[in-house]
>>> print(open('data_33.txt').read())   # compact mmCIF, C-alpha atoms
# COMPACT_ATOMS: atom_id res chain seq x y z
CA THR A 130 28.08 24.79 -5.06
CA GLN A 131 27.63 22.75 -1.92
CA LEU A 132 30.13 23.56 0.80
CA LEU A 133 30.98 21.75 3.98
CA GLU A 134 32.65 23.77 6.68
CA GLN A 135 34.69 21.56 8.94
CA SER A 136 36.21 22.78 12.18
CA PRO A 137 38.64 22.92 13.74
CA GLN A 138 41.25 22.39 11.05
CA PHE A 139 43.95 21.54 13.57
CA LEU A 140 43.62 19.94 16.96
CA SER A 141 46.47 19.06 19.30
CA ILE A 142 45.50 17.43 22.58
CA GLN A 143 46.83 15.19 25.32
CA GLU A 144 46.01 11.54 25.65
CA GLY A 145 42.80 11.04 27.60
CA GLU A 146 41.14 14.27 26.57
CA ASN A 147 37.83 14.45 24.72
CA LEU A 148 37.30 16.30 21.46
CA THR A 149 34.59 17.20 18.98
CA VAL A 150 34.90 17.95 15.29
CA TYR A 151 32.09 19.79 13.54
CA CYS A 152 30.86 19.75 9.98
CA ASN A 153 28.31 22.31 8.84
CA SER A 154 26.63 23.13 5.57
CA SER A 155 23.85 25.20 4.12
CA SER A 156 22.95 22.28 1.86
CA VAL A 157 20.97 19.18 2.67
CA PHE A 158 22.79 15.92 2.09
CA SER A 159 21.25 12.49 1.63
CA SER A 160 24.12 11.00 3.53
CA LEU A 161 27.11 12.19 5.45
CA GLN A 162 30.24 10.16 5.85
CA TRP A 163 33.22 10.44 8.14
CA TYR A 164 36.62 9.23 7.02
CA ARG A 165 40.02 8.90 8.54
CA GLN A 166 43.07 9.19 6.33
CA GLU A 167 46.66 8.24 6.99
CA PRO A 168 49.48 9.94 5.04
CA GLY A 169 49.94 8.42 1.60
CA GLU A 170 46.77 6.38 1.76
CA GLY A 171 43.19 6.76 0.64
CA PRO A 172 40.44 7.73 3.11
CA VAL A 173 38.98 4.92 5.14
CA LEU A 174 35.30 5.07 5.92
CA LEU A 175 34.43 5.29 9.61
CA VAL A 176 30.68 5.72 9.44
CA THR A 177 27.78 6.78 7.24
CA VAL A 178 24.75 8.58 8.63
CA VAL A 179 21.64 9.01 6.55
CA THR A 180 18.77 9.83 8.90
CA GLY A 181 18.26 13.25 10.45
CA GLY A 182 18.99 13.09 14.17
CA GLU A 183 20.83 9.81 13.82
CA VAL A 184 23.53 8.94 16.34
CA LYS A 185 26.05 6.18 15.76
CA LYS A 186 28.74 4.93 18.08
CA LEU A 187 31.96 3.20 17.12
CA LYS A 188 33.83 2.33 20.32
CA ARG A 189 35.07 5.72 21.59
CA LEU A 190 33.75 7.60 18.57
CA THR A 191 30.24 9.07 18.48
CA PHE A 192 28.80 10.46 15.28
CA GLN A 193 25.73 12.61 15.03
CA PHE A 194 23.72 13.82 12.03
CA GLY A 195 21.70 16.97 12.49
CA ASP A 196 17.92 16.86 12.33
CA ALA A 197 17.93 18.88 9.10
CA ARG A 198 20.73 16.75 7.60
CA LYS A 199 22.92 19.78 7.12
CA ASP A 200 25.43 19.25 9.89
CA SER A 201 27.25 16.53 11.70
CA SER A 202 29.70 16.04 14.53
CA LEU A 203 32.33 13.54 15.55
CA HIS A 204 33.10 13.18 19.23
CA ILE A 205 36.05 11.17 20.49
CA THR A 206 36.18 10.20 24.12
CA ALA A 207 39.47 9.64 25.92
CA ALA A 208 41.61 10.18 22.83
CA GLN A 209 44.65 7.97 22.32
CA PRO A 210 47.82 8.53 20.27
CA GLY A 211 46.51 5.96 17.80
CA ASP A 212 43.65 8.35 16.99
CA THR A 213 46.13 10.74 15.38
CA GLY A 214 45.31 11.39 11.73
CA LEU A 215 43.31 13.43 9.26
CA TYR A 216 39.56 13.25 9.77
CA LEU A 217 37.30 14.19 6.89
CA CYS A 218 33.58 14.69 6.69
CA ALA A 219 31.91 14.33 3.33
CA GLY A 220 28.37 14.84 2.17
CA GLY A 221 26.78 12.89 -0.63
CA GLY A 222 23.58 12.96 -2.60
CA ALA A 223 23.04 16.71 -2.43
CA GLY A 224 20.61 17.99 -5.02
CA GLY A 225 19.82 14.49 -6.14
CA THR A 226 23.36 13.68 -7.21
CA SER A 227 24.94 10.28 -6.75
CA TYR A 228 25.77 9.23 -3.22
CA GLY A 229 29.31 8.72 -4.35
CA LYS A 230 29.78 12.28 -5.55
CA LEU A 231 31.11 13.68 -2.33
CA THR A 232 31.70 17.18 -1.11
CA PHE A 233 34.46 17.14 1.46
CA GLY A 234 35.07 19.37 4.41
CA GLN A 235 38.49 20.95 4.81
CA GLY A 236 39.59 18.17 7.13
CA THR A 237 40.79 18.14 10.73
CA ILE A 238 44.36 17.17 11.51
CA LEU A 239 44.26 15.58 14.95
CA THR A 240 47.40 15.01 16.99
CA VAL A 241 47.12 13.18 20.29
CA HIS A 242 50.23 13.42 22.45
CA PRO A 243 51.13 10.62 24.88
CA GLY B 1162 33.23 -3.61 2.66
CA ALA B 1163 33.69 -3.13 -1.04
CA VAL B 1164 37.21 -2.99 -2.42
CA VAL B 1165 38.57 -0.40 -4.81
CA SER B 1166 42.11 -0.84 -6.04
CA GLN B 1167 44.23 1.90 -7.55
CA HIS B 1168 47.44 1.47 -9.48
CA PRO B 1169 50.16 2.55 -9.33
CA SER B 1170 50.58 3.70 -5.74
CA TRP B 1171 53.22 6.16 -6.73
CA VAL B 1172 54.83 7.31 -9.96
CA ILE B 1173 57.58 9.71 -10.92
CA CYS B 1174 57.62 11.07 -14.44
CA LYS B 1175 59.41 13.70 -16.47
CA SER B 1176 57.78 16.95 -17.49
CA GLY B 1177 55.95 16.63 -20.76
CA THR B 1178 55.19 12.93 -20.48
CA SER B 1179 51.83 11.33 -19.81
CA VAL B 1180 50.87 9.12 -16.90
CA LYS B 1181 47.97 6.70 -16.64
CA ILE B 1182 46.36 5.80 -13.32
CA GLU B 1183 43.96 2.88 -13.01
CA CYS B 1184 41.04 2.48 -10.64
CA ARG B 1185 39.34 -0.90 -10.32
CA SER B 1186 36.35 -2.05 -8.34
CA LEU B 1187 37.36 -5.57 -7.35
CA ASP B 1188 34.19 -7.11 -6.01
CA PHE B 1189 31.39 -5.04 -7.46
CA GLN B 1190 30.42 -3.24 -10.62
CA ALA B 1191 30.59 0.50 -10.71
CA THR B 1192 28.87 2.43 -13.46
CA THR B 1193 30.16 5.60 -11.89
CA MET B 1194 33.55 6.34 -10.42
CA PHE B 1195 35.01 9.56 -9.14
CA TRP B 1196 38.45 11.11 -9.34
CA TYR B 1197 39.77 13.42 -6.63
CA ARG B 1198 42.93 15.38 -6.17
CA GLN B 1199 44.53 16.13 -2.83
CA PHE B 1200 47.39 18.48 -2.00
CA PRO B 1201 49.45 17.97 1.17
CA LYS B 1202 47.53 18.58 4.38
CA GLN B 1203 44.47 19.55 2.42
CA SER B 1204 41.14 17.92 1.74
CA LEU B 1205 40.00 16.09 -1.37
CA MET B 1206 38.74 18.07 -4.32
CA LEU B 1207 36.50 16.36 -6.86
CA MET B 1208 37.96 16.53 -10.36
CA ALA B 1209 35.51 14.55 -12.42
CA THR B 1210 32.83 11.90 -12.53
CA SER B 1211 33.66 8.91 -14.67
CA ASN B 1212 30.68 7.29 -16.38
CA GLU B 1213 30.85 3.83 -17.88
CA GLY B 1214 30.17 3.97 -21.60
CA SER B 1215 29.90 7.73 -21.83
CA LYS B 1216 31.94 10.88 -21.42
CA ALA B 1217 33.22 11.96 -18.07
CA THR B 1218 31.76 14.99 -16.34
CA TYR B 1219 34.40 17.46 -15.21
CA GLU B 1220 34.18 19.91 -12.35
CA GLN B 1221 34.59 23.58 -13.03
CA GLY B 1222 38.22 24.54 -13.54
CA VAL B 1223 39.44 21.05 -14.44
CA GLU B 1224 40.93 20.79 -17.92
CA LYS B 1225 39.33 17.86 -19.71
CA ASP B 1226 42.06 17.74 -22.33
CA LYS B 1227 44.73 17.48 -19.69
CA PHE B 1228 43.03 14.93 -17.45
CA LEU B 1229 41.66 12.28 -19.78
CA ILE B 1230 39.21 9.85 -18.24
CA ASN B 1231 38.14 6.57 -19.75
CA HIS B 1232 35.61 4.25 -18.15
CA ALA B 1233 35.81 1.29 -20.50
CA SER B 1234 34.17 -1.34 -18.32
CA LEU B 1235 32.03 -1.66 -15.22
CA THR B 1236 35.10 -2.29 -13.09
CA LEU B 1237 37.77 -0.02 -14.54
CA SER B 1238 38.26 3.70 -14.90
CA THR B 1239 41.52 5.32 -15.95
CA LEU B 1240 42.82 8.83 -15.48
CA THR B 1241 45.59 9.96 -17.82
CA VAL B 1242 47.51 13.09 -16.95
CA THR B 1243 48.76 14.35 -20.28
CA SER B 1244 51.84 16.51 -20.79
CA ALA B 1245 52.45 16.50 -17.07
CA HIS B 1246 54.09 19.47 -15.39
CA PRO B 1247 55.48 19.86 -11.86
CA GLU B 1248 52.30 21.67 -10.78
CA ASP B 1249 50.39 18.46 -11.55
CA SER B 1250 52.28 16.73 -8.77
CA SER B 1251 49.67 15.66 -6.27
CA PHE B 1252 47.87 12.75 -4.65
CA TYR B 1253 45.15 11.40 -6.93
CA ILE B 1254 42.40 9.26 -5.44
CA CYS B 1255 39.51 7.42 -7.06
CA SER B 1256 36.30 6.17 -5.54
CA ALA B 1257 33.28 4.15 -6.50
CA ASP B 1258 29.93 4.20 -4.83
CA ARG B 1259 28.03 1.13 -3.79
CA TYR B 1260 24.54 1.63 -2.40
CA THR B 1261 24.86 4.66 -0.13
CA GLU B 1262 28.59 4.56 0.51
CA ALA B 1263 31.72 5.58 -1.36
CA PHE B 1264 34.79 3.37 -1.27
CA PHE B 1265 38.18 4.79 -2.04
CA GLY B 1266 41.30 3.46 -3.68
CA GLN B 1267 44.65 3.70 -1.97
CA GLY B 1268 45.62 6.77 -3.93
CA THR B 1269 48.43 7.50 -6.37
CA ARG B 1270 51.24 9.87 -5.51
CA LEU B 1271 52.32 11.59 -8.74
CA THR B 1272 55.59 13.48 -8.81
CA VAL B 1273 56.53 15.32 -11.98
CA VAL B 1274 60.19 16.27 -12.24
>>> encode(input="data_33.txt", output="structure tokens")
Amino acid sequence: TQLLEQSPQFLSIQEGENLTVYCNSSSVFSSLQWYRQEPGEGPVLLVTVVTGGEVKKLKRLTFQFGDARKDSSLHITAAQPGDTGLYLCAGGGAGGTSYGKLTFGQGTILTVHP
Amino acid sequence: GAVVSQHPSWVICKSGTSVKIECRSLDFQATTMFWYRQFPKQSLMLMATSNEGSKATYEQGVEKDKFLINHASLTLSTLTVTSAHPEDSSFYICSADRYTEAFFGQGTRLTVV
């Protein structure tokens, strides 16, 4: 069973602060995806990383995939109240399975206070 | 990005009845779709892999006779919760993969009373 350990599970910060969410596994994934989910809605894809060592930036969000493709991080700079939500990492393609068969981390509930 | 549509968005049913949830890929064909279940403030747990034209593959601990999956076409998979009970109340989400990415439906909130 592939497991993704996501931390922290809860994060409450003030507007303007920086934060990092981590996602670690003992398994190698072909791809790792980060999602954001609002209550009552499906997850929305933020980014997909597929190459070991890859770094992607999306405005104030920076995503990194570990060299061994077992871990990833999401860094948010100068967090804003609009960043509040559930952030999920998910690994796909482990053991040759379909990219769409995802193993999810436990999720991080981020609250940014004005 | 690709679009996956799920219907209904929410449903309330009585204990003992069955509920069908549809998952459609609107602008691409999906030979494989996935069904997840999510409890409040928790992550998504994979229930089963839906395969077009063949039987679904269920994850360990998921009752195949309770959660019936039918993937009748390249754009439609259905999940039927049979003889629903209050403990089946949850948020059910489907996804379909296209190339190296998974695209999710909006989810279905099932409440069994």
>>> atom_distance(input="data_33.txt", atom1="CA of Ser1244 in chain B", atom2="CA of Met1206 in chain B")
21.1 Å
>>> residues_around(input="data_33.txt", residues="range 1262-1271 of chain B", least_positions_apart="6", cutoff="8 Å", atoms="all atoms listed in the file", output="PyMOL selection string")
(chain A and resi 162+169-174+177+228-229) or (chain B and resi 1163-1174+1182+1184+1249-1256)
>>> write_last_selection(input="data_33.txt", atoms="C-alpha atoms", output="PDB file, keeping the file's coordinate frame")
ATOM      1  CA  GLN A 162      30.240  10.160   5.850  1.00  0.00           C
ATOM      2  CA  GLY A 169      49.940   8.420   1.600  1.00  0.00           C
ATOM      3  CA  GLU A 170      46.770   6.380   1.760  1.00  0.00           C
ATOM      4  CA  GLY A 171      43.190   6.760   0.640  1.00  0.00           C
ATOM      5  CA  PRO A 172      40.440   7.730   3.110  1.00  0.00           C
ATOM      6  CA  VAL A 173      38.980   4.920   5.140  1.00  0.00           C
ATOM      7  CA  LEU A 174      35.300   5.070   5.920  1.00  0.00           C
ATOM      8  CA  THR A 177      27.780   6.780   7.240  1.00  0.00           C
ATOM      9  CA  TYR A 228      25.770   9.230  -3.220  1.00  0.00           C
ATOM     10  CA  GLY A 229      29.310   8.720  -4.350  1.00  0.00           C
TER      11      GLY A 229
ATOM     12  CA  ALA B1163      33.690  -3.130  -1.040  1.00  0.00           C
ATOM     13  CA  VAL B1164      37.210  -2.990  -2.420  1.00  0.00           C
ATOM     14  CA  VAL B1165      38.570  -0.400  -4.810  1.00  0.00           C
ATOM     15  CA  SER B1166      42.110  -0.840  -6.040  1.00  0.00           C
ATOM     16  CA  GLN B1167      44.230   1.900  -7.550  1.00  0.00           C
ATOM     17  CA  HIS B1168      47.440   1.470  -9.480  1.00  0.00           C
ATOM     18  CA  PRO B1169      50.160   2.550  -9.330  1.00  0.00           C
ATOM     19  CA  SER B1170      50.580   3.700  -5.740  1.00  0.00           C
ATOM     20  CA  TRP B1171      53.220   6.160  -6.730  1.00  0.00           C
ATOM     21  CA  VAL B1172      54.830   7.310  -9.960  1.00  0.00           C
ATOM     22  CA  ILE B1173      57.580   9.710 -10.920  1.00  0.00           C
ATOM     23  CA  CYS B1174      57.620  11.070 -14.440  1.00  0.00           C
ATOM     24  CA  ILE B1182      46.360   5.800 -13.320  1.00  0.00           C
ATOM     25  CA  CYS B1184      41.040   2.480 -10.640  1.00  0.00           C
ATOM     26  CA  ASP B1249      50.390  18.460 -11.550  1.00  0.00           C
ATOM     27  CA  SER B1250      52.280  16.730  -8.770  1.00  0.00           C
ATOM     28  CA  SER B1251      49.670  15.660  -6.270  1.00  0.00           C
ATOM     29  CA  PHE B1252      47.870  12.750  -4.650  1.00  0.00           C
ATOM     30  CA  TYR B1253      45.150  11.400  -6.930  1.00  0.00           C
ATOM     31  CA  ILE B1254      42.400   9.260  -5.440  1.00  0.00           C
ATOM     32  CA  CYS B1255      39.510   7.420  -7.060  1.00  0.00           C
ATOM     33  CA  SER B1256      36.300   6.170  -5.540  1.00  0.00           C
TER      34      SER B1256
END
>>> residues_around(input="data_33.txt", residues="Arg165 in chain A", least_positions_apart="3", cutoff="10 Å", atoms="only C-alpha atoms", output="PyMOL selection string")
chain A and resi 170-176+212-218+236-238
>>> axis_aligned_box(input="data_33.txt", around="range 132-135 of chain A", padding_each_side="5 Å", output="AutoDock Vina command-line options")
--center_x 32.4 --center_y 22.7 --center_z 4.9 --size_x 14.6 --size_y 12.2 --size_z 18.1
>>> atom_distance(input="data_33.txt", atom1="CA of Ala207 in chain A", atom2="CA of Glu183 in chain A")
22.2 Å
>>> closest_residue(input="data_33.txt", among="A:Asp200, A:Glu167, A:Phe158, A:Ala219", to="Gln235 in chain A", atoms="only C-alpha atoms")
A:Ala219
>>> atom_distance(input="data_33.txt", atom1="CA of Phe194 in chain A", atom2="CA of Gly181 in chain A")
5.7 Å
>>> residues_near_point(input="data_33.txt", point="(28.3, 1.3, -8.9)", cutoff="12 Å", atoms="all atoms listed in the file", output="PyMOL selection string")
(chain A and resi 227-230) or (chain B and resi 1163-1165+1185-1195+1211-1213+1234-1238+1256-1264)
>>> closest_residue(input="data_33.txt", among="A:Gln166, A:Gln193, A:Ser202, A:Gln135", to="Gly234 in chain A", atoms="only C-alpha atoms")
A:Gln135
>>> residues_around(input="data_33.txt", residues="Lys186 in chain A", least_positions_apart="3", cutoff="10 Å", atoms="all atoms listed in the file", output="ChimeraX atom specification")
/A:176,189-193,203-205
>>> closest_residue(input="data_33.txt", among="B:Val1274, B:Val1242, B:Pro1201, B:Glu1248", to="Ser1179 in chain B", atoms="only C-alpha atoms")
B:Val1242
>>> residues_around(input="data_33.txt", residues="Gly211 in chain A", least_positions_apart="2", cutoff="10 Å", atoms="only C-alpha atoms", output="JSON, numbers by chain")
{"A": [144, 208, 209, 213, 214, 240, 241, 242, 243]}
>>> write_last_selection(input="data_33.txt", atoms="C-alpha atoms", output="mmCIF file, in the frame of the given file")
data_model
loop_
_atom_site.group_PDB
_atom_site.id
_atom_site.type_symbol
_atom_site.label_atom_id
_atom_site.label_comp_id
_atom_site.auth_asym_id
_atom_site.auth_seq_id
_atom_site.Cartn_x
_atom_site.Cartn_y
_atom_site.Cartn_z
ATOM 1 C CA GLU A 144 46.010 11.540 25.650
ATOM 2 C CA ALA A 208 41.610 10.180 22.830
ATOM 3 C CA GLN A 209 44.650 7.970 22.320
ATOM 4 C CA THR A 213 46.130 10.740 15.380
ATOM 5 C CA GLY A 214 45.310 11.390 11.730
ATOM 6 C CA THR A 240 47.400 15.010 16.990
ATOM 7 C CA VAL A 241 47.120 13.180 20.290
ATOM 8 C CA HIS A 242 50.230 13.420 22.450
ATOM 9 C CA PRO A 243 51.130 10.620 24.880
#
>>> residues_around(input="data_33.txt", residues="Gln1221 in chain B", least_positions_apart="2", cutoff="12 Å", atoms="only C-alpha atoms", output="VMD selection string")
(chain A and resid 130) or (chain B and resid 1206 to 1210 1218 to 1219 1223 to 1225)
>>> closest_residue(input="data_33.txt", among="B:Ser1204, B:Val1180, B:Gln1199, B:Ala1245", to="Ile1230 in chain B", atoms="only C-alpha atoms")
B:Val1180
>>> closest_residue(input="data_33.txt", among="B:Thr1241, B:Gln1203, B:Thr1178, B:Ser1215", to="chain A", atoms="all atoms listed in the file")
B:Gln1203
>>> closest_residue(input="data_33.txt", among="B:Leu1240, B:Pro1247, B:Gly1214, B:Phe1200", to="Asp1226 in chain B", atoms="only C-alpha atoms")
B:Leu1240
